[in-house]
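Trainee: My structure file run-v8.cif, mmCIF, C-alpha atoms, is below:
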data_entry
#
loop_
_atom_site.label_atom_id
_atom_site.label_comp_id
_atom_site.auth_asym_id
_atom_site.auth_seq_id
_atom_site.Cartn_x
_atom_site.Cartn_y
_atom_site.Cartn_z
CA MET A 1 -49.72 -131.67 115.40
CA ASN A 2 -53.29 -130.48 116.02
CA TYR A 3 -54.60 -133.04 113.50
CA ILE A 4 -52.44 -135.87 114.79
CA PHE A 5 -53.49 -135.24 118.39
CA PHE A 6 -57.16 -135.19 117.37
CA ILE A 7 -56.93 -138.27 115.14
CA LEU A 8 -55.03 -140.40 117.68
CA ILE A 9 -57.51 -139.66 120.47
CA ALA A 10 -60.71 -139.67 118.40
CA VAL A 11 -59.79 -142.93 116.65
CA SER A 12 -58.87 -144.55 119.97
CA ILE A 13 -62.20 -143.64 121.56
CA ILE A 14 -64.29 -144.68 118.55
CA ILE A 15 -62.43 -147.97 118.11
CA GLY A 16 -62.58 -148.46 121.87
CA ILE A 17 -66.37 -148.26 121.76
CA LEU A 18 -66.78 -150.46 118.67
CA ASN A 19 -64.14 -152.93 119.75
CA ASN A 20 -65.27 -153.15 123.35
CA THR A 21 -61.86 -152.01 124.58
CA ILE A 22 -63.10 -148.70 125.99
CA SER A 23 -62.19 -149.58 129.56
CA GLU A 24 -58.59 -150.30 128.48
CA VAL A 25 -58.55 -146.99 126.59
CA VAL A 26 -59.72 -145.06 129.64
CA ASN A 27 -57.31 -146.88 131.95
CA SER A 28 -54.34 -146.24 129.72
CA MET A 29 -55.36 -142.58 129.46
CA LEU A 30 -55.24 -142.21 133.23
CA GLN A 31 -52.09 -144.28 133.71
CA SER A 32 -50.09 -142.62 130.99
CA CYS A 33 -50.54 -139.16 132.55
CA ASP A 34 -48.66 -140.57 135.47
CA ILE A 35 -46.04 -142.15 133.24
CA ALA A 36 -45.42 -138.82 131.49
CA VAL A 37 -44.70 -137.10 134.78
CA LYS A 38 -42.48 -139.97 135.93
CA ILE A 39 -40.45 -139.79 132.72
CA SER A 40 -39.87 -136.08 133.14
CA PHE A 41 -38.90 -136.48 136.79
CA SER A 42 -36.55 -139.32 135.99
CA LEU A 43 -34.85 -137.00 133.50
CA ILE A 44 -34.01 -134.32 136.09
CA GLY A 45 -30.86 -135.92 137.50
CA ILE A 46 -29.28 -137.03 134.25
CA MET A 47 -30.29 -133.75 132.63
CA ALA A 48 -28.57 -131.75 135.38
CA PHE A 49 -25.46 -133.94 135.12
CA TRP A 50 -25.05 -133.57 131.36
CA LEU A 51 -25.89 -129.90 131.29
CA GLY A 52 -23.16 -129.47 133.92
CA ILE A 53 -20.62 -131.46 131.89
CA MET A 54 -21.60 -129.64 128.70
CA ARG A 55 -21.08 -126.30 130.42
CA ILE A 56 -17.48 -127.32 131.15
CA ALA A 57 -17.07 -128.42 127.52
CA GLU A 58 -18.29 -125.03 126.42
CA LYS A 59 -16.14 -123.00 128.84
CA SER A 60 -13.02 -124.96 127.94
CA GLY A 61 -13.47 -124.10 124.29
CA LEU A 62 -14.12 -127.69 123.12
CA VAL A 63 -17.50 -126.84 121.67
CA LYS A 64 -16.03 -123.89 119.79
CA ILE A 65 -13.29 -126.04 118.28
CA LEU A 66 -15.92 -128.52 117.08
CA SER A 67 -18.00 -125.66 115.69
CA ARG A 68 -15.05 -124.31 113.72
CA LEU A 69 -14.23 -127.74 112.32
CA LEU A 70 -17.76 -128.33 111.16
CA GLU A 71 -18.43 -124.85 109.86
CA PRO A 72 -18.24 -125.72 106.14
CA ILE A 73 -20.92 -128.42 106.52
CA ALA A 74 -22.95 -126.39 108.98
CA LYS A 75 -23.16 -123.45 106.58
CA ILE A 76 -25.03 -125.63 104.11
CA LEU A 77 -27.30 -127.47 106.57
CA PHE A 78 -27.96 -124.75 109.13
CA LYS A 79 -28.16 -121.56 107.12
CA ASP A 80 -29.90 -119.43 109.73
CA VAL A 81 -27.47 -120.17 112.59
CA LYS A 82 -25.19 -117.23 113.33
CA LYS A 83 -21.46 -117.59 112.82
CA ASP A 84 -19.60 -118.65 115.99
CA SER A 85 -22.81 -119.85 117.62
CA PRO A 86 -22.18 -122.66 120.14
CA ALA A 87 -25.16 -124.46 118.55
CA ILE A 88 -23.07 -126.02 115.77
CA GLY A 89 -20.63 -127.62 118.21
CA ASP A 90 -23.48 -128.84 120.36
CA ILE A 91 -25.33 -130.23 117.34
CA SER A 92 -22.30 -132.33 116.47
CA MET A 93 -22.00 -133.54 120.08
CA SER A 94 -25.69 -134.47 120.03
CA VAL A 95 -25.42 -136.39 116.76
CA ALA A 96 -22.31 -138.13 118.07
CA ALA A 97 -24.04 -139.08 121.33
CA ASN A 98 -26.97 -140.51 119.37
CA ALA A 99 -24.69 -142.36 116.99
CA LEU A 100 -22.84 -143.96 119.89
CA GLY A 101 -26.12 -144.98 121.51
CA LEU A 102 -25.58 -142.70 124.54
CA THR A 103 -29.28 -141.95 124.89
CA ASN A 104 -28.78 -140.53 128.39
CA ALA A 105 -26.42 -137.90 127.07
CA ALA A 106 -28.17 -137.30 123.75
CA THR A 107 -31.41 -135.87 125.14
CA PRO A 108 -29.86 -133.23 127.45
CA ILE A 109 -27.41 -132.12 124.76
CA GLY A 110 -30.20 -132.06 122.18
CA LEU A 111 -32.39 -129.91 124.40
CA LYS A 112 -29.45 -127.55 124.91
CA VAL A 113 -29.19 -127.22 121.13
CA MET A 114 -32.89 -126.38 120.93
CA LYS A 115 -32.43 -123.65 123.53
CA GLU A 116 -29.55 -122.12 121.57
CA LEU A 117 -31.51 -122.25 118.33
CA GLN A 118 -34.53 -120.71 120.04
CA GLU A 119 -32.41 -117.74 121.14
CA GLU A 120 -31.85 -116.88 117.49
CA ASN A 121 -35.50 -117.46 116.58
CA PRO A 122 -37.44 -114.28 115.82
CA ASN A 123 -40.79 -116.07 116.05
CA LYS A 124 -40.81 -117.88 119.39
CA ASP A 125 -43.67 -120.33 118.81
CA LYS A 126 -42.64 -121.35 115.30
CA ALA A 127 -39.87 -123.80 114.36
CA THR A 128 -36.91 -122.44 112.38
CA ASP A 129 -35.34 -124.21 109.40
CA SER A 130 -32.34 -125.12 111.56
CA MET A 131 -34.58 -126.73 114.17
CA CYS A 132 -36.34 -128.79 111.53
CA MET A 133 -32.98 -129.87 110.11
CA PHE A 134 -31.64 -130.76 113.55
CA LEU A 135 -34.74 -132.83 114.33
CA ALA A 136 -34.56 -134.54 110.95
CA MET A 137 -31.05 -135.69 111.89
CA ASN A 138 -32.30 -136.75 115.29
CA THR A 139 -35.43 -138.66 114.30
CA ALA A 140 -33.59 -140.57 111.57
CA GLY A 141 -32.14 -142.71 114.37
CA PHE A 142 -28.56 -142.88 113.19
CA GLN A 143 -26.80 -145.39 115.42
CA ILE A 144 -23.53 -147.22 114.99
CA ILE A 145 -24.28 -150.16 117.27
CA PRO A 146 -27.90 -151.10 118.10
CA ALA A 147 -27.01 -152.22 121.62
CA THR A 148 -30.51 -152.90 123.01
CA VAL A 149 -31.53 -154.99 120.01
CA ILE A 150 -28.37 -157.05 120.29
CA ALA A 151 -29.05 -157.50 124.00
CA VAL A 152 -32.50 -158.92 123.22
CA LEU A 153 -31.03 -161.26 120.58
CA VAL A 154 -28.41 -162.47 123.03
CA GLY A 155 -31.16 -162.96 125.59
CA VAL A 156 -33.18 -165.30 123.37
CA GLY A 157 -30.05 -167.22 122.38
CA ALA A 158 -29.39 -166.11 118.82
CA LYS A 159 -26.47 -167.93 117.17
CA ASN A 160 -24.79 -164.84 115.79
CA PRO A 161 -26.37 -161.65 117.13
CA SER A 162 -23.68 -159.35 115.72
CA GLU A 163 -24.66 -160.20 112.14
CA ILE A 164 -27.38 -157.53 112.33
CA ILE A 165 -24.83 -154.74 112.96
CA LEU A 166 -23.76 -154.20 109.36
CA PRO A 167 -27.25 -154.20 107.77
CA THR A 168 -28.53 -151.92 110.54
CA LEU A 169 -25.62 -149.55 110.01
CA ILE A 170 -26.33 -149.44 106.26
CA VAL A 171 -30.00 -148.69 106.89
CA THR A 172 -29.39 -145.99 109.51
CA THR A 173 -26.67 -144.31 107.45
CA LEU A 174 -28.84 -144.19 104.34
CA SER A 175 -31.93 -143.01 106.19
CA PHE A 176 -29.85 -140.34 107.97
CA ILE A 177 -28.70 -138.97 104.61
CA ILE A 178 -32.18 -139.25 103.11
CA ALA A 179 -33.72 -137.48 106.14
CA ILE A 180 -31.35 -134.54 105.59
CA LEU A 181 -32.24 -134.43 101.88
CA ILE A 182 -35.98 -134.57 102.67
CA ALA A 183 -35.58 -131.71 105.16
CA MET A 184 -33.70 -129.63 102.57
CA LEU A 185 -36.36 -130.29 99.96
CA LEU A 186 -39.31 -129.51 102.26
CA GLN A 187 -37.50 -126.39 103.47
CA LYS A 188 -37.39 -125.11 99.87
CA ILE A 189 -41.04 -125.95 99.25
CA TRP A 190 -42.24 -124.42 102.53
CA ASN A 191 -40.29 -121.21 102.14
CA ARG A 192 -41.27 -120.73 98.51
CA ARG A 193 -44.96 -121.42 98.96
CA ASN A 194 -45.15 -119.68 102.33
CA TYR A 195 -47.14 -122.48 103.91
CA ASP A 196 -46.95 -120.92 107.36
CA MET B 1 -15.89 -156.65 122.18
CA ILE B 2 -18.38 -154.13 120.80
CA GLU B 3 -20.15 -153.86 124.13
CA LYS B 4 -16.75 -153.22 125.74
CA ILE B 5 -16.13 -150.30 123.40
CA SER B 6 -19.45 -148.66 124.12
CA LEU B 7 -18.83 -149.18 127.82
CA TYR B 8 -15.63 -147.10 127.62
CA ILE B 9 -16.89 -144.30 125.36
CA LEU B 10 -18.99 -142.57 127.99
CA PRO B 11 -16.41 -142.35 130.81
CA LEU B 12 -13.65 -141.43 128.35
CA MET B 13 -15.79 -138.63 126.93
CA ILE B 14 -16.36 -137.23 130.44
CA LEU B 15 -12.66 -137.55 131.24
CA ALA B 16 -11.72 -135.70 128.04
CA ILE B 17 -14.13 -132.84 128.77
CA LEU B 18 -12.97 -132.46 132.37
CA THR B 19 -9.30 -132.59 131.33
CA ALA B 20 -9.86 -129.94 128.67
CA GLY B 21 -11.53 -127.79 131.32
CA ALA B 22 -8.67 -128.26 133.77
CA VAL B 23 -6.03 -127.47 131.14
CA LYS B 24 -7.87 -124.29 130.18
CA LYS B 25 -8.12 -123.38 133.90
CA VAL B 26 -11.92 -123.46 133.91
CA LYS B 27 -13.49 -123.50 137.39
CA ILE B 28 -14.78 -126.99 136.75
CA TYR B 29 -16.89 -127.46 139.84
CA GLU B 30 -18.57 -124.07 139.78
CA GLU B 31 -19.30 -124.23 136.05
CA PHE B 32 -20.72 -127.74 136.46
CA ILE B 33 -23.15 -126.48 139.11
CA GLU B 34 -24.05 -123.47 136.98
CA GLY B 35 -24.92 -125.72 134.03
CA ALA B 36 -26.68 -128.34 136.14
CA LYS B 37 -29.07 -125.75 137.55
CA ASP B 38 -30.99 -125.84 134.27
CA GLY B 39 -31.65 -129.57 134.58
CA PHE B 40 -34.69 -129.19 136.76
CA LYS B 41 -36.22 -126.37 134.74
CA VAL B 42 -35.84 -128.15 131.42
CA SER B 43 -37.21 -131.47 132.70
CA ILE B 44 -40.28 -129.86 134.25
CA SER B 45 -41.00 -127.67 131.24
CA ILE B 46 -41.58 -130.70 129.00
CA ILE B 47 -44.32 -132.23 131.19
CA PRO B 48 -47.34 -130.78 129.31
CA TYR B 49 -45.93 -131.91 125.96
CA LEU B 50 -45.08 -135.36 127.30
CA VAL B 51 -48.56 -135.78 128.78
CA ALA B 52 -50.19 -134.86 125.47
CA ILE B 53 -48.15 -137.22 123.30
CA ILE B 54 -47.91 -140.15 125.72
CA VAL B 55 -51.64 -140.10 126.54
CA ALA B 56 -52.62 -139.96 122.86
CA ILE B 57 -50.26 -142.78 121.89
CA SER B 58 -51.10 -145.11 124.75
CA MET B 59 -54.84 -144.64 124.18
CA PHE B 60 -54.25 -145.54 120.55
CA LYS B 61 -52.34 -148.68 121.53
CA ALA B 62 -54.94 -149.73 124.12
CA SER B 63 -57.85 -149.35 121.70
CA GLY B 64 -56.53 -152.18 119.53
CA ALA B 65 -56.22 -149.87 116.52
CA ILE B 66 -52.81 -151.34 115.69
CA ASP B 67 -54.27 -154.86 115.37
CA ILE B 68 -56.99 -153.52 113.06
CA ILE B 69 -54.43 -151.79 110.84
CA THR B 70 -52.36 -154.99 110.83
CA GLY B 71 -55.41 -156.94 109.68
CA LEU B 72 -56.23 -154.46 106.93
CA ALA B 73 -52.69 -154.02 105.65
CA GLY B 74 -51.71 -157.67 106.08
CA SER B 75 -52.98 -159.12 102.83
CA LEU B 76 -51.67 -156.19 100.82
CA LEU B 77 -48.18 -156.46 102.30
CA GLU B 78 -48.12 -160.26 102.03
CA ARG B 79 -48.44 -159.76 98.31
CA LEU B 80 -45.19 -157.75 98.42
CA SER B 81 -43.83 -160.69 100.47
CA ILE B 82 -43.54 -158.61 103.61
CA PRO B 83 -44.47 -160.85 106.56
CA ALA B 84 -47.55 -159.74 108.53
CA ASP B 85 -45.76 -160.34 111.85
CA ILE B 86 -43.62 -157.31 111.15
CA ILE B 87 -46.49 -154.82 110.64
CA PRO B 88 -47.06 -153.87 114.31
CA ILE B 89 -43.37 -152.96 114.58
CA MET B 90 -43.64 -150.81 111.45
CA ILE B 91 -46.42 -148.83 113.12
CA THR B 92 -45.06 -148.53 116.66
CA ARG B 93 -41.45 -147.76 115.78
CA SER B 94 -42.21 -144.04 115.31
CA LEU B 95 -44.55 -143.95 118.31
CA SER B 96 -43.12 -145.76 121.30
CA GLY B 97 -39.69 -147.18 122.04
CA SER B 98 -40.71 -149.51 124.86
CA ALA B 99 -43.67 -150.92 122.88
CA THR B 100 -41.43 -151.55 119.87
CA LEU B 101 -38.84 -153.34 121.96
CA GLY B 102 -41.61 -155.41 123.57
CA LEU B 103 -42.97 -156.45 120.17
CA PHE B 104 -39.46 -157.31 119.04
CA SER B 105 -38.80 -159.55 122.06
CA GLU B 106 -42.11 -161.27 121.39
CA ILE B 107 -41.21 -161.97 117.75
CA ALA B 108 -37.73 -163.18 118.69
CA HIS B 109 -39.28 -165.45 121.30
CA ASN B 110 -42.15 -166.83 119.20
CA LEU B 111 -40.50 -167.19 115.81
CA GLY B 112 -37.04 -168.19 116.96
CA PRO B 113 -33.93 -166.07 117.42
CA ASP B 114 -32.43 -167.09 114.08
CA SER B 115 -35.47 -166.79 111.84
CA TYR B 116 -35.55 -164.35 108.96
CA ILE B 117 -38.43 -162.37 110.47
CA THR B 118 -36.54 -161.90 113.74
CA LYS B 119 -33.51 -160.60 111.86
CA LEU B 120 -35.66 -158.29 109.75
CA ALA B 121 -37.36 -157.03 112.91
CA ALA B 122 -33.95 -156.51 114.54
CA VAL B 123 -32.76 -154.30 111.69
CA MET B 124 -36.04 -152.41 111.68
CA VAL B 125 -35.97 -151.78 115.44
CA GLY B 126 -32.24 -151.00 115.51
CA SER B 127 -32.68 -148.29 112.92
CA SER B 128 -35.74 -146.72 114.52
CA GLU B 129 -36.25 -143.58 116.52
CA THR B 130 -39.48 -142.52 118.21
CA THR B 131 -40.20 -139.53 116.00
CA PHE B 132 -43.33 -138.34 117.81
CA TYR B 133 -41.69 -138.46 121.22
CA VAL B 134 -38.53 -136.69 120.07
CA LEU B 135 -40.50 -133.91 118.37
CA ALA B 136 -42.79 -133.40 121.38
CA VAL B 137 -39.91 -133.27 123.87
CA TYR B 138 -37.47 -131.19 121.81
CA PHE B 139 -39.99 -128.62 120.60
CA GLY B 140 -41.77 -128.69 123.96
CA SER B 141 -38.62 -127.78 125.89
CA VAL B 142 -38.48 -124.39 124.13
CA GLY B 143 -42.24 -123.88 123.82
CA ILE B 144 -42.56 -124.27 120.05
CA LYS B 145 -46.07 -125.16 118.93
CA LYS B 146 -45.80 -124.77 115.16
CA TYR B 147 -43.66 -127.64 113.90
CA ARG B 148 -43.83 -126.59 110.23
CA TYR B 149 -42.40 -129.41 108.10
CA ALA B 150 -40.54 -131.19 110.92
CA LEU B 151 -43.18 -133.90 111.46
CA LEU B 152 -43.59 -134.59 107.74
CA THR B 153 -39.80 -134.88 107.41
CA GLY B 154 -39.64 -137.30 110.33
CA LEU B 155 -42.45 -139.49 109.01
CA LEU B 156 -41.09 -139.60 105.46
CA ALA B 157 -37.69 -140.53 106.87
CA ASP B 158 -39.30 -143.27 108.99
CA ALA B 159 -41.09 -144.66 105.94
CA THR B 160 -37.79 -144.65 104.04
CA GLY B 161 -36.16 -146.44 106.95
CA ILE B 162 -38.80 -149.19 106.84
CA VAL B 163 -38.38 -149.75 103.11
CA LEU B 164 -34.58 -149.76 103.43
CA ALA B 165 -34.72 -152.20 106.35
CA ILE B 166 -36.80 -154.62 104.27
CA LEU B 167 -34.57 -154.34 101.20
CA VAL B 168 -31.27 -154.58 103.07
CA SER B 169 -32.45 -157.50 105.23
CA ARG B 170 -33.57 -159.35 102.13
CA LEU B 171 -30.16 -158.83 100.61
CA PHE B 172 -28.30 -159.95 103.72
CA PHE B 173 -30.44 -162.70 105.19
CA LEU B 174 -32.50 -164.21 102.39
CA ALA B 175 -29.90 -164.50 99.66
CA SER B 176 -27.66 -166.67 101.82
CA THR B 177 -30.37 -169.19 102.66
CA VAL B 178 -31.65 -169.68 99.08
#
What's the structure tokens form of this structure?
Mentor:
Amino acid sequence: MNYIFFILIAVSIIIGILNNTISEVVNSMLQSCDIAVKISFSLIGIMAFWLGIMRIAEKSGLVKILSRLLEPIAKILFKDVKKDSPAIGDISMSVAANALGLTNAATPIGLKVMKELQEENPNKDKATDSMCMFLAMNTAGFQIIPATVIAVLVGVGAKNPSEIILPTLIVTTLSFIIAILIAMLLQKIWNRRNYD
Amino acid sequence: MIEKISLYILPLMILAILTAGAVKKVKIYEEFIEGAKDGFKVSISIIPYLVAIIVAISMFKASGAIDIITGLAGSLLERLSIPADIIPIMITRSLSGSATLGLFSEIAHNLGPDSYITKLAAVMVGSSETTFYVLAVYFGSVGIKKYRYALLTGLLADATGIVLAILVSRLFFLASTV
């Protein structure tokens, strides 16, 4: 992340100077600080709501039932999660929320998962294998119905906007599986070579 | 029809969770409040990480770097018969959700809602997730600074997604018109 942060900013400033867009670069720098704070503030309400709902799901035993059901799969994908941890149930809720396109619910549940995984993490500033696996599943963008894209297509008057559903589903399913495989492979390489 | 289904999923999910709580005699209201208390803390704790990633990405967009990359990569990708119009989406889809959606609307508007490029762009956008943003927010919320192989995994998966989107769209939308 150190390199990426440096490259993004250094390249922007250098190109800004060469390209005569430096005033836009500076403006967007100042404006986006504001946007970042606004995004986090706009999350507070929905975050509180879903963390409240999820607490009920946990207390009623729903999350535990999900965890038990998914244990065989979880054992392979999330090796360092303790048995009976609520994390597995929450991970499945998070993946389900993402798959259904419930972005508002997916982020709070996902952050709850991260908190649970962090509790089992011996090295608090370093990601665990389970976190990397969970984020691989998350960043793969598995989604059953791409609702916003369809909305745009409807908006511009496409003849048959739902024809993109099947190809999109094929792509997201495959890239979800491939993301998990990549994470498993990199996990092996990293742990064997001791890169960190 | 499909939009109807997704409209019902959310309320039904909430109803199911509340019912399960009531059946198990959970103090629903008190537990809700207890859980909701964390909402503020979590949202505020991600601010530094959000500022870092959003500032870096929006500076990058404003500098015009994406147009330069499009220009450089254009001729190469044209040779693989990948249309140049799609390149900005390929770059922004891991960086920014709103920018990607904006580019997509622009393509749909300029090239026609039923053109092949619009459909390809639709598949590419529909299968995307803003990897950088997700990593910054999720790791940020628990204070993790060493991502290990998470970023590499995300980027490789994004690249795979792009290739798959191109191949699958070709199969679905080009074969029928030839």
Trainee: Would you list the contacts of range 51-60 of chain A as a count of residues only, taking every protein, DNA or RNA residue within 7 Å and counting all atoms listed in the file, but skipping same-chain residues closer than 6 positions in sequence?
Mentor: 15
Trainee: Check which residues satisfy the PyMOL selection byres ((chain A and resi 134) around 10) in the file shown, then give them as a list in words.
Mentor: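 The output of the PyMOL selection byres ((chain A and resi 134) around 10) on this file is Leu77, Phe78, Ile91, Ser92, Ser94, Val95, Gly110, Val113, Met114, Leu117, Thr128, Asp129, Ser130, Met131, Cys132, Met133, Leu135, Ala136, Met137, Asn138, Thr139, Ile180 and Ala183 of chain A; Ala150 of chain B.
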Trainee: Just the selected residues (C-alpha atoms), exported as a PDB file, in the frame of the given file, please.
Mentor:
ATOM      1  CA  LEU A  77     -27.300-127.470 106.570  1.00  0.00           C
ATOM      2  CA  PHE A  78     -27.960-124.750 109.130  1.00  0.00           C
ATOM      3  CA  ILE A  91     -25.330-130.230 117.340  1.00  0.00           C
ATOM      4  CA  SER A  92     -22.300-132.330 116.470  1.00  0.00           C
ATOM      5  CA  SER A  94     -25.690-134.470 120.030  1.00  0.00           C
ATOM      6  CA  VAL A  95     -25.420-136.390 116.760  1.00  0.00           C
ATOM      7  CA  GLY A 110     -30.200-132.060 122.180  1.00  0.00           C
ATOM      8  CA  VAL A 113     -29.190-127.220 121.130  1.00  0.00           C
ATOM      9  CA  MET A 114     -32.890-126.380 120.930  1.00  0.00           C
ATOM     10  CA  LEU A 117     -31.510-122.250 118.330  1.00  0.00           C
ATOM     11  CA  THR A 128     -36.910-122.440 112.380  1.00  0.00           C
ATOM     12  CA  ASP A 129     -35.340-124.210 109.400  1.00  0.00           C
ATOM     13  CA  SER A 130     -32.340-125.120 111.560  1.00  0.00           C
ATOM     14  CA  MET A 131     -34.580-126.730 114.170  1.00  0.00           C
ATOM     15  CA  CYS A 132     -36.340-128.790 111.530  1.00  0.00           C
ATOM     16  CA  MET A 133     -32.980-129.870 110.110  1.00  0.00           C
ATOM     17  CA  LEU A 135     -34.740-132.830 114.330  1.00  0.00           C
ATOM     18  CA  ALA A 136     -34.560-134.540 110.950  1.00  0.00           C
ATOM     19  CA  MET A 137     -31.050-135.690 111.890  1.00  0.00           C
ATOM     20  CA  ASN A 138     -32.300-136.750 115.290  1.00  0.00           C
ATOM     21  CA  THR A 139     -35.430-138.660 114.300  1.00  0.00           C
ATOM     22  CA  ILE A 180     -31.350-134.540 105.590  1.00  0.00           C
ATOM     23  CA  ALA A 183     -35.580-131.710 105.160  1.00  0.00           C
TER      24      ALA A 183
ATOM     25  CA  ALA B 150     -40.540-131.190 110.920  1.00  0.00           C
TER      26      ALA B 150
END
Trainee: Calculated over all atoms listed in the file, which of the candidates A:Leu185, A:Ala151, A:Met47, A:Asp34 has the smallest distance to chain B?
Mentor: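 Nearest candidate to chain B out of A:Leu185, A:Ala151, A:Met47, A:Asp34: A:Met47.
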Trainee: Can you tell me which residues surround range 81-93 of chain B at a distance of at most 9 Å, considering only C-alpha atoms, apart from same-chain residues fewer than 6 positions away, and format the answer as a PyMOL selection string?
Mentor: chain B and resi 61+66-67+69-71+73-75+99-101+103-104+107+117-118+120-121+124-125+128-131+158-159+162+166
Trainee: Write out as number ranges by chain each polymer residue whose atoms come within 9 Å of range 137-149 of chain B, counting only C-alpha atoms; drop sequence neighbours fewer than 2 positions from it.
Mentor: A: 1, 107, 110-111, 114-115, 118, 124-129, 131-132, 135, 183, 186-187, 190, 195-196; B: 42-50, 132-135, 151-154
Trainee: Please expand the PyMOL selection byres ((chain A and resi 99) around 8) into the concrete residues it hits in this file, giving the result as a list in words.
Mentor: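 Written out, the selection comes to Val95, Ala96, Ala97, Asn98, Leu100, Gly101, Leu102, Gly141, Phe142, Gln143, Ile144 and Ile145 of chain A.
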Trainee: Export, as a PDB file, keeping the file's coordinate frame, the selected residues with C-alpha atoms.
Mentor:
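Written output follows (out_30.pdb):
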ATOM      1  CA  VAL A  95     -25.420-136.390 116.760  1.00  0.00           C
ATOM      2  CA  ALA A  96     -22.310-138.130 118.070  1.00  0.00           C
ATOM      3  CA  ALA A  97     -24.040-139.080 121.330  1.00  0.00           C
ATOM      4  CA  ASN A  98     -26.970-140.510 119.370  1.00  0.00           C
ATOM      5  CA  LEU A 100     -22.840-143.960 119.890  1.00  0.00           C
ATOM      6  CA  GLY A 101     -26.120-144.980 121.510  1.00  0.00           C
ATOM      7  CA  LEU A 102     -25.580-142.700 124.540  1.00  0.00           C
ATOM      8  CA  GLY A 141     -32.140-142.710 114.370  1.00  0.00           C
ATOM      9  CA  PHE A 142     -28.560-142.880 113.190  1.00  0.00           C
ATOM     10  CA  GLN A 143     -26.800-145.390 115.420  1.00  0.00           C
ATOM     11  CA  ILE A 144     -23.530-147.220 114.990  1.00  0.00           C
ATOM     12  CA  ILE A 145     -24.280-150.160 117.270  1.00  0.00           C
TER      13      ILE A 145
END
Trainee: Rebuild range 9-20 of chain B to N, CA and C atoms - output it as a PDB file, keeping the file's coordinate frame, please.
Mentor:
ATOM      1  N   ILE B   9     -16.724-145.598 126.027  1.00  0.00           N
ATOM      2  CA  ILE B   9     -16.890-144.300 125.360  1.00  0.00           C
ATOM      3  C   ILE B   9     -17.365-143.229 126.328  1.00  0.00           C
ATOM      4  N   LEU B  10     -18.379-143.569 127.113  1.00  0.00           N
ATOM      5  CA  LEU B  10     -18.990-142.570 127.990  1.00  0.00           C
ATOM      6  C   LEU B  10     -18.004-142.022 129.025  1.00  0.00           C
ATOM      7  N   PRO B  11     -17.358-142.888 129.836  1.00  0.00           N
ATOM      8  CA  PRO B  11     -16.410-142.350 130.810  1.00  0.00           C
ATOM      9  C   PRO B  11     -15.237-141.608 130.169  1.00  0.00           C
ATOM     10  N   LEU B  12     -14.765-142.100 129.000  1.00  0.00           N
ATOM     11  CA  LEU B  12     -13.650-141.430 128.350  1.00  0.00           C
ATOM     12  C   LEU B  12     -14.040-140.033 127.868  1.00  0.00           C
ATOM     13  N   MET B  13     -15.298-139.923 127.392  1.00  0.00           N
ATOM     14  CA  MET B  13     -15.790-138.630 126.930  1.00  0.00           C
ATOM     15  C   MET B  13     -15.803-137.638 128.100  1.00  0.00           C
ATOM     16  N   ILE B  14     -16.302-138.106 129.258  1.00  0.00           N
ATOM     17  CA  ILE B  14     -16.360-137.230 130.440  1.00  0.00           C
ATOM     18  C   ILE B  14     -14.952-136.839 130.874  1.00  0.00           C
ATOM     19  N   LEU B  15     -14.038-137.829 130.859  1.00  0.00           N
ATOM     20  CA  LEU B  15     -12.660-137.550 131.240  1.00  0.00           C
ATOM     21  C   LEU B  15     -12.042-136.500 130.319  1.00  0.00           C
ATOM     22  N   ALA B  16     -12.289-136.639 129.015  1.00  0.00           N
ATOM     23  CA  ALA B  16     -11.720-135.700 128.040  1.00  0.00           C
ATOM     24  C   ALA B  16     -12.240-134.289 128.291  1.00  0.00           C
ATOM     25  N   ILE B  17     -13.548-134.169 128.553  1.00  0.00           N
ATOM     26  CA  ILE B  17     -14.130-132.840 128.770  1.00  0.00           C
ATOM     27  C   ILE B  17     -13.575-132.206 130.034  1.00  0.00           C
ATOM     28  N   LEU B  18     -13.493-132.999 131.114  1.00  0.00           N
ATOM     29  CA  LEU B  18     -12.970-132.460 132.370  1.00  0.00           C
ATOM     30  C   LEU B  18     -11.496-132.064 132.226  1.00  0.00           C
ATOM     31  N   THR B  19     -10.711-132.902 131.519  1.00  0.00           N
ATOM     32  CA  THR B  19      -9.300-132.590 131.330  1.00  0.00           C
ATOM     33  C   THR B  19      -9.134-131.295 130.538  1.00  0.00           C
ATOM     34  N   ALA B  20      -9.921-131.165 129.468  1.00  0.00           N
ATOM     35  CA  ALA B  20      -9.860-129.940 128.670  1.00  0.00           C
ATOM     36  C   ALA B  20     -10.172-128.731 129.534  1.00  0.00           C
TER      37      ALA B  20
END
